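> My structure file start_10.cif, mmCIF, C-alpha atoms and all ligand atoms, is below:
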```cif
data_target
#
loop_
_atom_site.label_atom_id
_atom_site.label_comp_id
_atom_site.auth_asym_id
_atom_site.auth_seq_id
_atom_site.Cartn_x
_atom_site.Cartn_y
_atom_site.Cartn_z
CA MET W 1 142.02 148.31 110.92
CA LEU W 2 140.10 150.41 108.40
CA THR W 3 140.81 153.80 106.89
CA PRO W 4 138.44 156.58 108.02
CA GLU W 5 136.84 156.41 104.55
CA GLU W 6 136.29 152.65 104.82
CA ASN W 7 134.84 153.04 108.31
CA LYS W 8 132.40 155.62 106.95
CA LEU W 9 131.51 153.34 104.05
CA VAL W 10 130.77 150.33 106.22
CA THR W 11 128.91 152.12 109.03
CA GLU W 12 126.69 154.71 107.30
CA ILE W 13 123.35 153.21 106.32
CA GLY W 14 121.06 156.18 105.58
CA PRO W 15 119.36 156.85 102.23
CA GLU W 16 121.80 157.37 99.34
CA THR W 17 124.77 155.83 101.16
CA ALA W 18 126.50 152.81 99.62
CA MET W 19 125.87 150.53 102.61
CA GLY W 20 122.33 151.89 102.97
CA ASP W 21 121.65 151.00 99.35
CA LEU W 22 123.03 147.50 99.94
CA PHE W 23 120.85 146.90 103.01
CA ARG W 24 117.81 148.15 101.10
CA ARG W 25 118.28 145.26 98.66
CA PHE W 26 117.29 142.82 101.45
CA TRP W 27 114.07 142.27 103.38
CA VAL W 28 114.65 143.87 106.78
CA PRO W 29 112.95 143.01 110.13
CA ALA W 30 110.99 146.12 111.13
CA PHE W 31 108.37 145.18 113.74
CA LEU W 32 107.39 142.22 115.87
CA ALA W 33 104.18 140.79 114.41
CA ARG W 34 102.49 141.30 117.79
CA GLU W 35 102.99 145.07 117.43
CA LEU W 36 100.62 145.08 114.47
CA ALA W 37 98.34 142.19 115.35
CA GLU W 38 94.92 143.86 115.29
CA PRO W 39 93.04 145.24 112.26
CA ASP W 40 92.43 148.95 112.94
CA GLY W 41 94.81 148.68 115.91
CA THR W 42 97.16 151.41 117.08
CA PRO W 43 99.81 152.20 114.43
CA ALA W 44 103.40 151.39 115.38
CA ARG W 45 106.38 153.52 114.52
CA THR W 46 110.05 152.83 114.22
CA ARG W 47 113.17 154.15 112.64
CA LEU W 48 114.74 151.85 110.09
CA LEU W 49 117.94 152.48 108.13
CA GLY W 50 117.73 156.13 109.18
CA GLU W 51 114.12 156.59 108.01
CA HIS W 52 111.05 157.09 110.20
CA ILE W 53 108.30 154.67 109.23
CA VAL W 54 104.83 153.86 110.50
CA GLY W 55 103.17 150.45 110.31
CA PHE W 56 99.45 149.71 110.51
CA ARG W 57 97.05 146.85 109.83
CA ASP W 58 93.92 148.04 108.09
CA THR W 59 90.31 146.92 108.58
CA SER W 60 90.78 144.12 106.03
CA GLY W 61 93.94 142.85 107.75
CA ARG W 62 96.36 144.20 105.15
CA LEU W 63 99.69 145.59 106.35
CA GLY W 64 100.71 149.11 105.46
CA ILE W 65 104.20 150.53 105.93
CA LEU W 66 104.48 154.24 105.14
CA GLU W 67 107.05 156.95 105.60
CA ALA W 68 105.97 158.50 108.90
CA ALA W 69 105.91 162.10 107.63
CA CYS W 70 102.55 163.01 106.08
CA PRO W 71 103.14 164.28 102.53
CA HIS W 72 100.94 167.32 103.27
CA ARG W 73 102.76 169.06 106.13
CA GLY W 74 104.98 166.39 107.65
CA VAL W 75 102.88 165.42 110.66
CA ASP W 76 103.85 162.04 112.13
CA LEU W 77 101.26 159.57 110.83
CA SER W 78 101.84 157.24 113.77
CA TYR W 79 99.56 159.65 115.67
CA GLY W 80 96.90 159.06 113.03
CA PHE W 81 93.54 157.28 113.14
CA ASN W 82 93.59 153.74 111.76
CA GLU W 83 90.01 153.25 110.59
CA GLU W 84 87.93 151.97 107.68
CA ASN W 85 90.80 150.67 105.56
CA GLY W 86 93.14 153.60 105.91
CA LEU W 87 95.33 155.70 108.15
CA ARG W 88 94.00 159.24 108.63
CA CYS W 89 96.42 162.06 109.41
CA PRO W 90 95.42 163.77 112.67
CA ARG W 91 96.09 167.31 111.40
CA CYS W 92 93.95 167.89 108.30
CA GLY W 93 92.47 164.45 107.84
CA TRP W 94 94.05 163.14 104.67
CA LYS W 95 93.58 159.40 104.66
CA PHE W 96 96.02 156.88 103.15
CA ASP W 97 95.55 153.25 102.17
CA VAL W 98 98.24 150.59 102.66
CA GLU W 99 99.89 151.54 99.37
CA GLY W 100 100.10 155.22 100.27
CA ASN W 101 97.26 156.34 97.99
CA ILE W 102 95.15 159.18 99.34
CA VAL W 103 91.59 157.89 99.63
CA ASP W 104 89.97 160.85 101.40
CA MET W 105 90.62 164.58 101.79
CA PRO W 106 87.72 165.80 103.93
CA LEU W 107 88.56 169.51 103.99
CA GLU W 108 89.25 170.00 100.28
CA PRO W 109 86.66 170.89 97.62
CA ASP W 110 85.76 167.77 95.62
CA GLU W 111 87.37 168.81 92.35
CA GLU W 112 90.63 169.87 93.92
CA ALA W 113 90.71 166.73 96.08
CA THR W 114 90.23 164.49 93.04
CA GLN W 115 93.13 166.15 91.27
CA MET W 116 95.43 166.04 94.30
CA MET W 117 94.60 162.39 94.98
CA LYS W 118 95.86 161.59 91.48
CA GLU W 119 99.12 163.48 91.96
CA ILE W 120 100.15 162.90 95.57
CA LYS W 121 101.04 159.68 97.38
CA ALA W 122 102.61 158.87 100.72
CA VAL W 123 105.89 156.97 100.41
CA SER W 124 105.07 153.30 100.97
CA PHE W 125 107.16 150.17 101.36
CA ARG W 126 106.45 146.50 100.70
CA ALA W 127 105.64 144.51 103.83
CA ASN W 128 105.57 140.81 104.61
CA GLU W 129 104.61 139.00 107.82
CA TRP W 130 106.55 135.81 108.42
CA GLY W 131 107.97 134.00 111.44
CA GLY W 132 106.44 136.40 113.98
CA VAL W 133 108.16 139.38 112.35
CA ILE W 134 106.98 142.13 110.00
CA TRP W 135 109.60 142.51 107.27
CA VAL W 136 109.99 145.55 105.06
CA TYR W 137 111.61 145.95 101.66
CA MET W 138 112.95 149.48 101.20
CA GLY W 139 114.77 149.03 97.91
CA PRO W 140 113.88 150.38 94.48
CA LYS W 141 110.30 149.60 93.43
CA GLU W 142 111.49 147.80 90.30
CA GLU W 143 113.74 145.44 92.32
CA SER W 144 112.79 142.59 94.61
CA ALA W 145 114.42 140.17 97.04
CA GLU W 146 113.67 136.71 98.40
CA MET W 147 112.76 136.31 102.04
CA PRO W 148 115.69 134.81 103.99
CA GLN W 149 114.41 131.30 104.75
CA PHE W 150 115.57 130.99 108.35
CA GLU W 151 114.35 127.72 109.79
CA TRP W 152 112.66 129.49 112.72
CA GLY W 153 110.43 131.38 110.32
CA ASP W 154 108.46 128.32 109.23
CA LEU W 155 108.01 126.80 112.69
CA PRO W 156 104.73 126.96 114.63
CA ALA W 157 104.65 130.08 116.82
CA GLY W 158 105.06 128.06 120.03
CA HIS W 159 108.48 126.80 118.89
CA ARG W 160 110.05 130.23 119.08
CA PHE W 161 110.45 133.21 121.39
CA ILE W 162 111.24 136.62 119.87
CA THR W 163 112.17 139.92 121.47
CA LYS W 164 113.68 143.13 120.20
CA TYR W 165 115.66 145.83 121.97
CA VAL W 166 117.84 148.83 121.29
CA GLN W 167 121.60 148.79 121.35
CA GLU W 168 122.96 152.33 121.51
CA CYS W 169 125.70 152.10 118.90
CA ASN W 170 126.22 151.51 115.21
CA TYR W 171 124.98 148.15 113.91
CA LEU W 172 128.48 147.00 113.02
CA GLN W 173 129.66 146.99 116.63
CA GLY W 174 126.85 144.66 117.65
CA LEU W 175 127.24 142.55 114.54
CA GLU W 176 130.98 142.18 115.09
CA GLY W 177 130.29 141.15 118.68
CA GLY W 178 127.91 138.51 117.34
CA ILE W 179 130.50 137.26 114.84
CA ASP W 180 133.14 137.16 117.55
CA SER W 181 130.87 135.76 120.27
CA SER W 182 132.99 132.69 121.04
CA ARG W 183 135.86 134.87 122.21
CA MET W 184 133.58 136.85 124.51
CA SER W 185 132.18 133.59 125.81
CA LEU W 186 135.59 132.22 126.63
CA LEU W 187 136.77 135.37 128.36
CA PHE W 188 133.54 135.66 130.33
CA GLU W 189 134.10 132.13 131.60
CA MET W 190 137.68 132.97 132.51
CA LEU W 191 136.96 136.23 134.29
CA PHE W 192 133.59 135.64 135.91
CA GLY W 193 133.06 131.87 135.83
CA ASP W 194 132.61 129.82 138.94
CA PRO W 195 135.11 126.91 139.02
CA PRO W 196 138.24 127.66 141.12
CA SER W 197 140.59 126.93 138.21
CA VAL W 198 138.85 129.61 136.22
CA GLU W 199 139.17 132.08 139.08
CA SER W 200 142.89 131.47 139.17
CA THR W 201 143.06 132.07 135.43
CA ALA W 202 141.38 135.39 136.00
CA ASP W 203 143.99 136.14 138.64
CA HIS W 204 146.62 135.33 136.07
CA LEU W 205 145.22 137.92 133.72
CA VAL W 206 144.41 140.57 136.26
CA GLN W 207 147.34 140.26 138.65
CA GLY W 208 150.05 139.02 136.29
CA LEU W 209 150.69 135.73 138.13
CA SER W 210 153.10 133.26 136.59
CA ASP W 211 152.02 130.04 134.85
CA ASP W 212 152.88 127.76 137.78
CA GLN W 213 150.63 129.79 140.09
CA THR W 214 147.57 129.40 137.88
CA ALA W 215 145.65 127.01 135.70
CA PRO W 216 146.85 126.82 132.08
CA ARG W 217 145.33 129.56 129.98
CA PRO W 218 143.14 128.41 127.09
CA VAL W 219 144.41 129.54 123.71
CA GLN W 220 141.70 130.14 121.17
CA THR W 221 142.06 129.47 117.46
CA MET W 222 139.58 130.84 114.98
CA ALA W 223 138.98 129.92 111.37
CA ILE W 224 136.53 130.99 108.67
CA LYS W 225 135.04 129.66 105.49
CA THR W 226 133.49 131.98 102.91
CA THR W 227 129.99 130.86 101.91
CA ASP W 228 127.07 132.05 99.76
CA TYR W 229 125.40 133.55 102.82
CA GLY W 230 128.50 135.15 104.35
CA LEU W 231 130.87 133.30 106.68
CA LEU W 232 131.04 130.06 108.60
CA VAL W 233 133.05 130.93 111.70
CA GLY W 234 134.80 128.25 113.79
CA ALA W 235 136.49 128.53 117.17
CA THR W 236 138.36 125.97 119.27
CA THR W 237 140.67 125.89 122.25
CA GLU W 238 142.02 122.44 121.34
CA HIS W 239 143.75 123.24 118.07
CA GLY W 240 146.66 120.95 117.19
CA GLN W 241 145.37 117.89 119.01
CA ASP W 242 144.49 114.70 117.15
CA GLU W 243 140.84 115.66 117.38
CA SER W 244 139.45 119.02 118.44
CA ALA W 245 135.94 120.26 119.21
CA TRP W 246 134.94 123.35 117.22
CA GLN W 247 132.06 125.71 117.87
CA LEU W 248 130.55 126.79 114.53
CA ASN W 249 128.52 129.96 114.04
CA GLN W 250 127.42 131.93 111.01
CA TRP W 251 127.41 135.51 109.85
CA LEU W 252 124.74 135.92 107.19
CA MET W 253 124.46 138.90 104.86
CA PRO W 254 123.94 141.59 105.73
CA PHE W 255 123.49 141.66 109.54
CA TYR W 256 122.54 138.27 111.02
CA THR W 257 124.51 136.05 113.37
CA THR W 258 123.78 132.69 114.99
CA PRO W 259 124.69 132.38 118.67
CA LYS W 260 125.86 129.10 120.17
CA PRO W 261 123.08 126.58 120.97
CA GLU W 262 121.76 126.58 124.53
CA GLY W 263 120.30 124.06 126.93
CA ASP W 264 118.18 121.28 125.51
CA GLY W 265 118.72 121.86 121.79
CA LEU W 266 117.65 125.52 121.75
CA LEU W 267 118.97 127.44 118.77
CA GLY W 268 119.11 131.14 118.09
CA CYS W 269 119.36 133.92 115.55
CA LEU W 270 120.20 137.59 116.01
CA ALA W 271 119.46 140.40 113.56
CA TRP W 272 121.47 143.59 114.13
CA VAL W 273 119.13 145.96 112.32
CA PRO W 274 120.30 149.56 111.93
CA VAL W 275 117.89 152.12 113.37
CA ASP W 276 120.21 154.89 112.21
CA ASP W 277 124.00 155.27 112.17
CA ARG W 278 124.18 155.41 115.97
CA ASN W 279 121.53 152.95 117.13
CA THR W 280 120.61 149.34 116.42
CA MET W 281 117.43 147.32 116.97
CA VAL W 282 118.41 143.78 117.87
CA PHE W 283 115.83 141.14 116.94
CA ALA W 284 116.58 138.07 119.07
CA ILE W 285 115.03 134.69 118.28
CA THR W 286 115.30 131.54 120.41
CA TYR W 287 113.72 128.44 118.89
CA HIS W 288 113.54 124.70 118.98
CA PRO W 289 113.20 123.03 115.58
CA GLU W 290 111.32 119.98 116.87
CA ARG W 291 109.15 120.96 119.84
CA PRO W 292 107.40 123.92 121.43
CA LEU W 293 109.42 125.84 124.02
CA THR W 294 108.53 124.87 127.57
CA GLU W 295 106.90 127.32 129.95
CA ALA W 296 110.15 127.41 131.93
CA GLU W 297 112.21 128.22 128.82
CA VAL W 298 109.86 131.07 127.93
CA SER W 299 109.62 132.50 131.44
CA GLN W 300 113.41 132.39 131.86
CA ARG W 301 113.78 134.46 128.73
CA ARG W 302 111.06 136.86 129.79
CA ALA W 303 113.13 137.33 132.94
CA GLY W 304 116.26 138.29 130.98
CA HIS W 305 118.01 135.00 130.25
CA GLY W 306 120.49 134.49 127.39
CA PHE W 307 120.27 137.03 124.61
CA HIS W 308 116.90 138.42 125.75
CA PRO W 309 117.86 141.17 128.22
CA THR W 310 115.30 142.59 130.64
CA LEU W 311 113.62 145.71 129.22
CA GLU W 312 112.18 148.82 130.81
CA GLU W 313 108.43 148.35 131.13
CA GLY W 314 106.54 149.13 127.92
CA THR W 315 109.68 149.99 125.92
CA TYR W 316 112.40 148.36 123.86
CA LYS W 317 115.08 149.96 126.02
CA ARG W 318 117.22 147.58 128.04
CA ALA W 319 116.84 147.89 131.81
CA ARG W 320 120.63 148.09 132.01
CA ASN W 321 121.44 151.02 129.75
CA LYS W 322 123.95 153.80 129.23
CA GLU W 323 121.83 156.32 131.10
CA ASN W 324 121.90 154.35 134.37
CA ASP W 325 125.50 153.13 133.88
CA TYR W 326 124.10 149.63 133.33
CA LEU W 327 123.14 149.39 137.02
CA ILE W 328 126.67 148.24 137.78
CA GLU W 329 127.90 148.39 141.35
CA ARG W 330 131.11 150.37 141.64
CA LYS W 331 133.04 149.59 144.78
CA THR W 332 136.22 151.36 145.83
CA SER W 333 138.12 148.09 145.84
CA GLY W 334 137.62 144.43 145.10
CA ALA W 335 135.57 142.90 142.34
CA ASN W 336 135.43 144.27 138.81
CA PRO W 337 132.25 146.39 138.56
CA LEU W 338 131.18 144.42 135.48
CA ALA W 339 130.98 141.27 137.61
CA SER W 340 127.50 142.46 138.62
CA ILE W 341 126.35 141.74 135.04
CA SER W 342 125.91 138.02 135.21
CA ASN W 343 124.74 137.53 131.63
CA GLU W 344 127.62 137.21 129.15
CA PHE W 345 125.53 138.39 126.21
CA GLU W 346 124.36 141.48 128.07
CA LEU W 347 127.94 142.20 129.04
CA ALA W 348 128.92 142.05 125.36
CA LEU W 349 126.20 144.61 124.53
CA VAL W 350 127.62 146.92 127.20
CA LEU W 351 131.19 146.59 125.98
CA GLU W 352 130.14 147.26 122.38
CA GLU W 353 128.34 150.44 123.49
CA SER W 354 131.38 151.46 125.53
CA MET W 355 133.31 151.90 122.25
CA GLY W 356 131.14 154.96 121.47
CA ALA W 357 128.32 155.33 118.97
CA ILE W 358 130.63 154.68 115.99
CA VAL W 359 134.03 153.33 116.92
CA ASP W 360 137.02 154.74 115.06
CA ARG W 361 138.37 151.64 113.34
CA SER W 362 141.39 153.51 111.99
CA ARG W 363 142.85 153.36 115.51
CA GLU W 364 142.29 149.71 116.33
CA GLN W 365 145.00 147.04 116.49
CA LEU W 366 143.49 143.74 115.44
CA ASP W 367 144.98 140.32 116.19
CA GLU W 368 144.82 137.10 114.20
CA ASN W 369 141.66 135.96 115.96
CA ASP W 370 139.85 138.97 114.47
CA ILE W 371 139.95 137.10 111.17
CA ALA W 372 136.15 136.74 110.96
CA VAL W 373 135.43 140.36 111.80
CA MET W 374 137.92 141.55 109.19
CA ALA W 375 136.48 139.22 106.54
CA ALA W 376 132.89 140.30 107.20
CA ARG W 377 133.79 143.98 106.89
CA LYS W 378 135.57 143.33 103.60
CA MET W 379 132.65 141.34 102.22
CA LEU W 380 130.15 144.04 103.20
CA MET W 381 132.24 146.79 101.62
CA LYS W 382 132.86 144.74 98.49
CA ALA W 383 129.13 144.04 98.07
CA ALA W 384 128.28 147.73 98.59
CA ILE W 385 130.85 148.85 96.02
CA GLU W 386 129.78 146.18 93.53
CA LEU W 387 126.17 147.31 93.90
CA ARG W 388 127.24 150.86 93.06
CA GLU W 389 128.84 149.38 89.95
CA GLY W 390 125.65 147.58 89.00
CA THR W 391 125.95 144.08 90.53
CA GLU W 392 123.08 143.07 92.78
CA PRO W 393 123.98 141.18 96.01
CA ALA W 394 123.51 137.47 95.25
CA ALA W 395 122.43 136.56 98.80
CA ALA W 396 119.36 138.82 98.52
CA HIS W 397 118.04 136.51 95.80
CA MET W 398 118.89 133.18 97.45
CA GLY W 399 116.50 132.82 100.38
CA ALA W 400 117.24 129.11 100.84
CA ILE W 401 120.88 129.71 101.85
CA TYR W 402 119.67 131.20 105.15
CA ASN W 403 118.54 127.78 106.39
CA VAL W 404 121.64 127.10 108.52
CA ARG W 405 122.27 126.76 112.24
CA ALA W 406 125.07 127.04 114.78
CA ALA W 407 126.59 123.68 115.75
CA GLN W 408 129.53 121.89 117.26
CA THR W 409 131.76 119.57 115.28
CA THR W 410 134.91 117.58 115.72
CA LEU W 411 137.80 118.07 113.33
CA GLY W 412 140.78 115.74 113.03
CA LYS W 413 144.36 116.95 112.76
CA GLY W 414 144.85 118.63 109.40
CA GLU W 415 141.11 119.08 108.77
CA THR W 416 139.82 122.60 108.24
CA LEU W 417 136.46 124.33 107.99
CA GLU W 418 136.59 123.62 104.26
CA ASP W 419 135.95 119.98 105.25
CA VAL W 420 132.72 120.94 107.04
CA GLY W 421 129.69 120.36 104.84
S1 LIG W 501 99.64 167.37 107.75
FE1 LIG W 501 98.74 165.49 107.25
S2 LIG W 501 96.90 166.00 106.26
FE2 LIG W 501 97.79 167.91 106.74
#
```
Could you render the structure as structure tokens?

Amino acid sequence: MLTPEENKLVTEIGPETAMGDLFRRFWVPAFLARELAEPDGTPARTRLLGEHIVGFRDTSGRLGILEAACPHRGVDLSYGFNEENGLRCPRCGWKFDVEGNIVDMPLEPDEEATQMMKEIKAVSFRANEWGGVIWVYMGPKEESAEMPQFEWGDLPAGHRFITKYVQECNYLQGLEGGIDSSRMSLLFEMLFGDPPSVESTADHLVQGLSDDQTAPRPVQTMAIKTTDYGLLVGATTEHGQDESAWQLNQWLMPFYTTPKPEGDGLLGCLAWVPVDDRNTMVFAITYHPERPLTEAEVSQRRAGHGFHPTLEEGTYKRARNKENDYLIERKTSGANPLASISNEFELALVLEESMGAIVDRSREQLDENDIAVMAARKMLMKAAIELREGTEPAAAHMGAIYNVRAAQTTLGKGETLEDVG
């Protein structure tokens, strides 16, 4: 549970907010590299941390990221002409280079243009292309950050599959779902899984059957370990036995999570990037560290498998979205309407949106398995407050700590996550 003031602190990410300032100290995924692949190609626009930006690749192949509003009259530069090493505003023709300098003012007298070109600049941001993503640094010009060295970033392009899509709620709801993904996984298996014993467990929950009428219910135990990058999160349903299998995932500052591995050694990473306070752009990466993805693995994900939901054609909007009530089938009796969503990750996205754009955390009642969510919130707020007091976030300057992956491990009785290397 948070106070209303804490909830505001941890969820508001616009310019001049404490959390917004913290996020601006990190490199942030802004575009897929394929959106800006061609020199002189169509500019791409997005909203990032509450600010409208436009990206373009100039004739020489350099990346430019500018505030979308033209400094002259505020026209959206994403409608501009990307030509001859600059982006030309479609209204009065001012042309900007990748650093925001005005390089041409066709309708102004020469003398006046020369003077104005010295005095006026478009707001520009540093850009970096790496791992199939265009990253942007929106912090103070005099500061810098290291790129987070995720292992998928250095792999050949064929080893990874990347998508992005909108989640219609504050970043923290998605992020907390990612941190808490093992619980969602377990419940999904219980409620919608196929084996008969699981069905009877669902009956237990839904119809209040007694223990002897159903399979034993799994009891989940969660544990955390504070790290340089954020949190190592462990979950098991075998706690207390001589040996127990633990699923390990990470939350990495400020908004990354690692989902559980899939199939034949496929790993993943999710970035819950704030669009504004009420919307999130999820960057989803599936990768294999040792081999290219197979055609089948790629086509499954193109068809909406795992954490790559199907999108509306030509958009980053999920095909199942709030507007169409997630295409769920509501029947007057019988199965839970959510049973028509067969993808557990997609179901989690829906449930997080169902909380509203910004959930009121002063009304929640957390249980002991919310330990990781509570810790992550505290660490985010602490880092934001410390930044206000003059301490830079250490993780932003330690790119190498991001080279971690989700895993499974076995712990003996009495061992804890502190014993995991
Ligand atoms: S509004 Fe952009 S040049 Fe006039």
> Please, what distance in Å, to one decimal, runs between CA of Thr163 in chain W and CA of Tyr402 in chain W?
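Between CA of Thr163 in chain W and CA of Tyr402 in chain W the gap is 20.0 Å.
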> Compare W:Glu313, W:Leu231, W:Ala18, W:Thr46 by their minimum atom-to-atom distance to Lys382 in chain W, counting all atoms listed in the file, and give me the closest one.
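Looking only at the distances to Lys382 in chain W, the closest residue turns out to be W:Ala18.
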> Go ahead and compute the interatomic distance for CA of His52 in chain W and CA of Pro71 in chain W, in Å to one decimal.
13.2 Å
> What do you get as an MDAnalysis selection string if you pick all residues at most 12 Å from ligand LIG 501 (chain W), counting all atoms listed in the file?
chainID W and resid 68:81 87:96 102:108 113 120:122
> Nearest residue to Ala37 in chain W out of W:Arg62, W:Lys260, W:Arg25, W:Lys225, using all atoms listed in the file?
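Selected residue with least distance to Ala37 in chain W: W:Arg62.
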> Identify the residues within 6 Å of coordinate (121.6, 140.7, 124.6) (same frame as the file), considering only C-alpha atoms, and give the answer as number ranges by chain.
W: 307-309, 345-346
> Between CA of Tyr229 in chain W and CA of Val10 in chain W, what is the distance in Å, rounded to a tenth?
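Spanning CA of Tyr229 in chain W to CA of Val10 in chain W is a straight-line distance of 17.9 Å.
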> List the spatial neighbours of range 130-132 of chain W as a PyMOL selection string - criterion: any atom at most 7 Å away, only C-alpha atoms, same-chain residues fewer than 4 positions off excluded.
chain W and resi 32-33+152-154
> Can I get the selection written as an mmCIF file, keeping the file's coordinate frame, with C-alpha atoms?

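File produced: out35.cif:
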```cif
data_model
loop_
_atom_site.group_PDB
_atom_site.id
_atom_site.type_symbol
_atom_site.label_atom_id
_atom_site.label_comp_id
_atom_site.auth_asym_id
_atom_site.auth_seq_id
_atom_site.Cartn_x
_atom_site.Cartn_y
_atom_site.Cartn_z
ATOM 1 C CA LEU W 32 107.390 142.220 115.870
ATOM 2 C CA ALA W 33 104.180 140.790 114.410
ATOM 3 C CA TRP W 152 112.660 129.490 112.720
ATOM 4 C CA GLY W 153 110.430 131.380 110.320
ATOM 5 C CA ASP W 154 108.460 128.320 109.230
#
```
> Find the residue from W:Trp27, W:Thr286, W:Gly64, W:Asp110 that sits nearest to Arg302 in chain W; use all atoms listed in the file when measuring.
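Among the listed residues, W:Thr286 lies closest to Arg302 in chain W.
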> Just want the 10 Å neighbourhood of His305 in chain W, counted on only C-alpha atoms, with same-chain residues fewer than 6 positions away dropped. Output as a PyMOL selection string.
chain W and resi 297-299+342-346
> Can you pull out every residue within 6 Å of Trp251 in chain W, counting all atoms listed in the file, but drop anything in the same chain fewer than 3 positions away, and send it as a tab-separated table (two decimals) with C-alpha atoms, in the frame of the given file?

```tsv
chain	number	residue	atom	x	y	z
W	230	GLY	CA	128.50	135.15	104.35
W	231	LEU	CA	130.87	133.30	106.68
W	256	TYR	CA	122.54	138.27	111.02
W	257	THR	CA	124.51	136.05	113.37
```
> Contacts of Thr258 in chain W at 8 Å or less, counting all atoms listed in the file, minus same-chain residues fewer than 3 places along, as a compact mmCIF listing (two decimals) with C-alpha atoms, keeping the file's coordinate frame?

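What follows is the written file selection.txt:
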```txt
# COMPACT_ATOMS: atom_id res chain seq x y z
CA GLY W 178 127.91 138.51 117.34
CA ASN W 249 128.52 129.96 114.04
CA GLN W 250 127.42 131.93 111.01
CA TRP W 251 127.41 135.51 109.85
CA GLY W 268 119.11 131.14 118.09
CA CYS W 269 119.36 133.92 115.55
CA LEU W 270 120.20 137.59 116.01
CA ARG W 405 122.27 126.76 112.24
CA ALA W 406 125.07 127.04 114.78
```
> Restricting the calculation to all atoms listed in the file, which member of W:Glu129, W:Glu352, W:Glu295, W:Glu51 is positioned closest to Leu63 in chain W?
W:Glu129
> Which one is closest to Glu146 in chain W: W:Ala339, W:Thr410, W:Ala400, W:Gly306? Count all atoms listed in the file.
W:Ala400
> Nearest residue to Ala384 in chain W out of W:Asp21, W:Asp325, W:Asp228, W:Glu5, using only C-alpha atoms?
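Among the listed residues, the smallest separation from Ala384 in chain W belongs to W:Asp21.
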> Give me, as number ranges by chain, all polymer residues having an atom no more than 9 Å from Asn128 in chain W, counting all atoms listed in the file and skipping those fewer than 6 positions away in the same chain.
W: 27, 63, 134-137, 147
